[in-house]
Amino acid sequence: MLLPKSALGIIAVLIAGAAWAQQSPMPAEIAARLLEMGRVIDPPKTLALYAPLQQKEPYQGVRIERDVRYGAAERNLLDVFAPEPAASPRPVLIFVHGGAFVVGNKRTTPTSPFYDNIMLWAAKNGFVGVNVAYRLAPQSPWPAGAQDLASAVRWISDRIGERGGDPSRIYLMGHSAGAVHVSNYVSHPEFHEVKGGGLAGAIMVSGIYDLTAMPLAETQIAYFGTDPARYAERSSLAGLATTDIPLMLAAAELDPEGFVLQFDRMKQATCKRAVGCARAVLLPQHSHMSEVYSINTADTRLTDQILDFVKTGK
């Protein structure tokens, strides 16, 4: 019996999907659960999926300094994760957490593996890891995030050598609202406290780069303000399209559509640079939270890209 072309097409898609599931480093039950959740941002449910896969304290082979002050504000604190024993100077990976501009911290709870998981991965893969907290809206609106990152980069440039890091190889990575703060820091040189920004590269995971491209949520308005006339100048699109700092962009297949739109817009804008397009990675199967909660597990699709970005400089 001959099947119609439409049925053959459906069968081909199912076969391809099954093959991809077999090849994927994401556990099948997690992949199914994320797909069932869909394009949502749900930290508690996603955390529950990934916490069993992560290391728990006490961590072995890493020296940790917590709550080191880098600036005057109460939330100007950072954690440093360095390998034990100390090695020759290593590149530095700074991570900037998300939280919709109004919540969040460098550790989701005092006993949570997140975002220690990113620091542990960094220490095991040739970096000194630095996890940064920053001021939140509405008490600290734009440009507080970029200003805090400027202070953090200055502190790290001055002090990380004492902790085994190489101040000439600092990589700044942010997720969600953290990616917005990273992009604002990179794209607005007036905030830089270190010449040229002090970065060897910037990594932005599921950020927002053009505030004029879509209506802003209440939490975004709490940070960027209520005047739409200011949104273009407070965006990072134009500045990222001209910077010579190496850039990497990432987003998740199951991100809310606005983040994918921003990813595509930013990817196109960076291709106008004299140094060429930013590295751009759309992570299959992942959601807005799983893309960072999965770091330091067997799913290395994002971290493999980060390592190659650092190795090649593009």
# chains A, B, ... in the order shown; residues from 1 in each chain; ligands from 1
$ closest_atom_pairs --of "segment 84-178 of chain A" --to "segment 53-59 of chain A" --cutoff "10 Å" --atoms "only C-alpha atoms" --output "JSON lines"
{"residue": "A:Thr111", "atom": "CA", "partner": "A:Glu57", "partner_atom": "CA", "distance": 8.2}
{"residue": "A:Ser112", "atom": "CA", "partner": "A:Lys56", "partner_atom": "CA", "distance": 8.2}
{"residue": "A:Pro113", "atom": "CA", "partner": "A:Gln54", "partner_atom": "CA", "distance": 6.4}
{"residue": "A:Phe114", "atom": "CA", "partner": "A:Gln54", "partner_atom": "CA", "distance": 8.6}
{"residue": "A:Asp116", "atom": "CA", "partner": "A:Gln55", "partner_atom": "CA", "distance": 8.9}
{"residue": "A:Asn117", "atom": "CA", "partner": "A:Gln54", "partner_atom": "CA", "distance": 6.9}
{"residue": "A:Leu120", "atom": "CA", "partner": "A:Tyr59", "partner_atom": "CA", "distance": 8.3}
$ write_last_selection --atoms "C-alpha atoms" --output "mmCIF file, in the first residue's frame"
data_model
loop_
_atom_site.group_PDB
_atom_site.id
_atom_site.type_symbol
_atom_site.label_atom_id
_atom_site.label_comp_id
_atom_site.auth_asym_id
_atom_site.auth_seq_id
_atom_site.Cartn_x
_atom_site.Cartn_y
_atom_site.Cartn_z
ATOM 1 C CA THR A 111 22.153 25.655 49.581
ATOM 2 C CA SER A 112 21.304 25.659 45.868
ATOM 3 C CA PRO A 113 23.718 24.281 43.247
ATOM 4 C CA PHE A 114 22.782 27.213 40.996
ATOM 5 C CA ASP A 116 27.684 27.485 41.641
ATOM 6 C CA ASN A 117 27.337 24.991 38.770
ATOM 7 C CA LEU A 120 32.493 24.739 39.115
#
$ residues_around --residues "Phe224 of chain A" --least-positions-apart "2" --cutoff "9 Å" --atoms "only C-alpha atoms" --output "number ranges by chain"
A: 137, 141-143, 211, 219-222, 226-227, 230-231, 234
$ atom_distance --atom1 "atom CA of Met204 of chain A" --atom2 "atom CA of Glu291 of chain A"
12.0 Å
$ closest_atom_pairs --of "segment 188-259 of chain A" --to "segment 295-309 of chain A" --cutoff "9 Å" --atoms "only C-alpha atoms" --output "JSON lines"
{"residue": "A:Gly201", "atom": "CA", "partner": "A:Phe309", "partner_atom": "CA", "distance": 8.5}
{"residue": "A:Ile203", "atom": "CA", "partner": "A:Ile306", "partner_atom": "CA", "distance": 8.0}
{"residue": "A:Pro246", "atom": "CA", "partner": "A:Phe309", "partner_atom": "CA", "distance": 8.6}
{"residue": "A:Leu247", "atom": "CA", "partner": "A:Phe309", "partner_atom": "CA", "distance": 8.6}
{"residue": "A:Met248", "atom": "CA", "partner": "A:Phe309", "partner_atom": "CA", "distance": 7.3}
{"residue": "A:Ala250", "atom": "CA", "partner": "A:Leu302", "partner_atom": "CA", "distance": 8.1}
$ write_last_selection --atoms "N, CA and C atoms" --output "PDB file, in the first residue's frame"
ATOM      1  N   GLY A 201      36.262  39.145  25.780  1.00  0.00           N
ATOM      2  CA  GLY A 201      35.061  38.705  25.082  1.00  0.00           C
ATOM      3  C   GLY A 201      33.845  38.839  25.968  1.00  0.00           C
ATOM      4  N   ILE A 203      29.751  37.197  26.454  1.00  0.00           N
ATOM      5  CA  ILE A 203      28.846  36.092  26.132  1.00  0.00           C
ATOM      6  C   ILE A 203      27.466  36.447  26.673  1.00  0.00           C
ATOM      7  N   PRO A 246      35.114  40.786  21.019  1.00  0.00           N
ATOM      8  CA  PRO A 246      34.511  39.549  20.509  1.00  0.00           C
ATOM      9  C   PRO A 246      33.213  39.220  21.245  1.00  0.00           C
ATOM     10  N   LEU A 247      32.193  38.795  20.491  1.00  0.00           N
ATOM     11  CA  LEU A 247      30.861  38.567  21.042  1.00  0.00           C
ATOM     12  C   LEU A 247      30.380  37.154  20.738  1.00  0.00           C
ATOM     13  N   MET A 248      29.669  36.583  21.715  1.00  0.00           N
ATOM     14  CA  MET A 248      28.957  35.331  21.515  1.00  0.00           C
ATOM     15  C   MET A 248      27.527  35.520  22.000  1.00  0.00           C
ATOM     16  N   ALA A 250      23.689  33.546  22.522  1.00  0.00           N
ATOM     17  CA  ALA A 250      22.999  32.261  22.586  1.00  0.00           C
ATOM     18  C   ALA A 250      21.549  32.487  22.982  1.00  0.00           C
TER      19      ALA A 250
END
$ select_by_dssp --residues "segment 94-144 of chain A" --states "strand (DSSP E)" --output "list in words"
Ile94, Phe95, Val96, Val128, Gly129, Val130, Asn131 and Val132 of chain A
$ residues_around --residues "Leu93 of chain A" --least-positions-apart "5" --cutoff "7 Å" --atoms "only C-alpha atoms" --output "PDB file with all heavy atoms, in the first residue's frame"
ATOM      1  N   ALA A 122      33.597  26.299  35.271  1.00  0.00           N
ATOM      2  CA  ALA A 122      34.689  27.198  34.898  1.00  0.00           C
ATOM      3  C   ALA A 122      36.004  26.738  35.507  1.00  0.00           C
ATOM      4  O   ALA A 122      37.032  26.646  34.812  1.00  0.00           O
ATOM      5  CB  ALA A 122      34.360  28.625  35.327  1.00  0.00           C
ATOM      6  N   PHE A 127      39.433  28.026  33.809  1.00  0.00           N
ATOM      7  CA  PHE A 127      39.144  29.407  34.191  1.00  0.00           C
ATOM      8  C   PHE A 127      39.274  29.603  35.698  1.00  0.00           C
ATOM      9  O   PHE A 127      39.216  28.650  36.474  1.00  0.00           O
ATOM     10  CB  PHE A 127      37.705  29.792  33.825  1.00  0.00           C
ATOM     11  CG  PHE A 127      37.358  29.736  32.374  1.00  0.00           C
ATOM     12  CD1 PHE A 127      36.869  28.561  31.816  1.00  0.00           C
ATOM     13  CD2 PHE A 127      37.492  30.848  31.557  1.00  0.00           C
ATOM     14  CE1 PHE A 127      36.524  28.493  30.470  1.00  0.00           C
ATOM     15  CE2 PHE A 127      37.157  30.802  30.220  1.00  0.00           C
ATOM     16  CZ  PHE A 127      36.669  29.622  29.673  1.00  0.00           C
ATOM     17  N   VAL A 128      39.374  30.862  36.092  1.00  0.00           N
ATOM     18  CA  VAL A 128      38.959  31.290  37.416  1.00  0.00           C
ATOM     19  C   VAL A 128      37.545  31.837  37.240  1.00  0.00           C
ATOM     20  O   VAL A 128      37.306  32.677  36.367  1.00  0.00           O
ATOM     21  CB  VAL A 128      39.892  32.370  37.992  1.00  0.00           C
ATOM     22  CG1 VAL A 128      39.308  32.960  39.274  1.00  0.00           C
ATOM     23  CG2 VAL A 128      41.272  31.788  38.260  1.00  0.00           C
ATOM     24  N   GLY A 129      36.586  31.333  38.028  1.00  0.00           N
ATOM     25  CA  GLY A 129      35.196  31.763  37.907  1.00  0.00           C
ATOM     26  C   GLY A 129      34.869  32.850  38.904  1.00  0.00           C
ATOM     27  O   GLY A 129      35.293  32.789  40.060  1.00  0.00           O
ATOM     28  N   VAL A 130      34.108  33.852  38.455  1.00  0.00           N
ATOM     29  CA  VAL A 130      33.661  34.934  39.328  1.00  0.00           C
ATOM     30  C   VAL A 130      32.159  35.109  39.135  1.00  0.00           C
ATOM     31  O   VAL A 130      31.700  35.330  38.010  1.00  0.00           O
ATOM     32  CB  VAL A 130      34.388  36.263  39.029  1.00  0.00           C
ATOM     33  CG1 VAL A 130      33.903  37.348  39.990  1.00  0.00           C
ATOM     34  CG2 VAL A 130      35.897  36.098  39.129  1.00  0.00           C
ATOM     35  N   ILE A 170      39.693  38.437  30.424  1.00  0.00           N
ATOM     36  CA  ILE A 170      38.439  38.441  31.180  1.00  0.00           C
ATOM     37  C   ILE A 170      37.270  38.294  30.216  1.00  0.00           C
ATOM     38  O   ILE A 170      37.126  39.079  29.270  1.00  0.00           O
ATOM     39  CB  ILE A 170      38.292  39.736  31.996  1.00  0.00           C
ATOM     40  CG1 ILE A 170      39.391  39.819  33.065  1.00  0.00           C
ATOM     41  CG2 ILE A 170      36.912  39.820  32.648  1.00  0.00           C
ATOM     42  CD1 ILE A 170      39.397  41.136  33.814  1.00  0.00           C
ATOM     43  N   TYR A 171      36.416  37.298  30.473  1.00  0.00           N
ATOM     44  CA  TYR A 171      35.217  37.052  29.671  1.00  0.00           C
ATOM     45  C   TYR A 171      33.998  37.303  30.552  1.00  0.00           C
ATOM     46  O   TYR A 171      33.888  36.759  31.650  1.00  0.00           O
ATOM     47  CB  TYR A 171      35.209  35.622  29.126  1.00  0.00           C
ATOM     48  CG  TYR A 171      36.319  35.388  28.140  1.00  0.00           C
ATOM     49  CD1 TYR A 171      37.591  35.032  28.587  1.00  0.00           C
ATOM     50  CD2 TYR A 171      36.126  35.577  26.779  1.00  0.00           C
ATOM     51  CE1 TYR A 171      38.640  34.846  27.694  1.00  0.00           C
ATOM     52  CE2 TYR A 171      37.165  35.400  25.879  1.00  0.00           C
ATOM     53  CZ  TYR A 171      38.416  35.039  26.335  1.00  0.00           C
ATOM     54  OH  TYR A 171      39.448  34.875  25.447  1.00  0.00           O
ATOM     55  N   LEU A 172      33.087  38.125  30.055  1.00  0.00           N
ATOM     56  CA  LEU A 172      31.907  38.539  30.805  1.00  0.00           C
ATOM     57  C   LEU A 172      30.688  37.846  30.217  1.00  0.00           C
ATOM     58  O   LEU A 172      30.356  38.050  29.040  1.00  0.00           O
ATOM     59  CB  LEU A 172      31.764  40.058  30.726  1.00  0.00           C
ATOM     60  CG  LEU A 172      30.635  40.720  31.515  1.00  0.00           C
ATOM     61  CD1 LEU A 172      30.741  40.419  33.000  1.00  0.00           C
ATOM     62  CD2 LEU A 172      30.653  42.233  31.273  1.00  0.00           C
TER      63      LEU A 172
END
$ atom_distance --atom1 "atom CA of Arg273 of chain A" --atom2 "atom CA of Leu240 of chain A"
8.7 Å
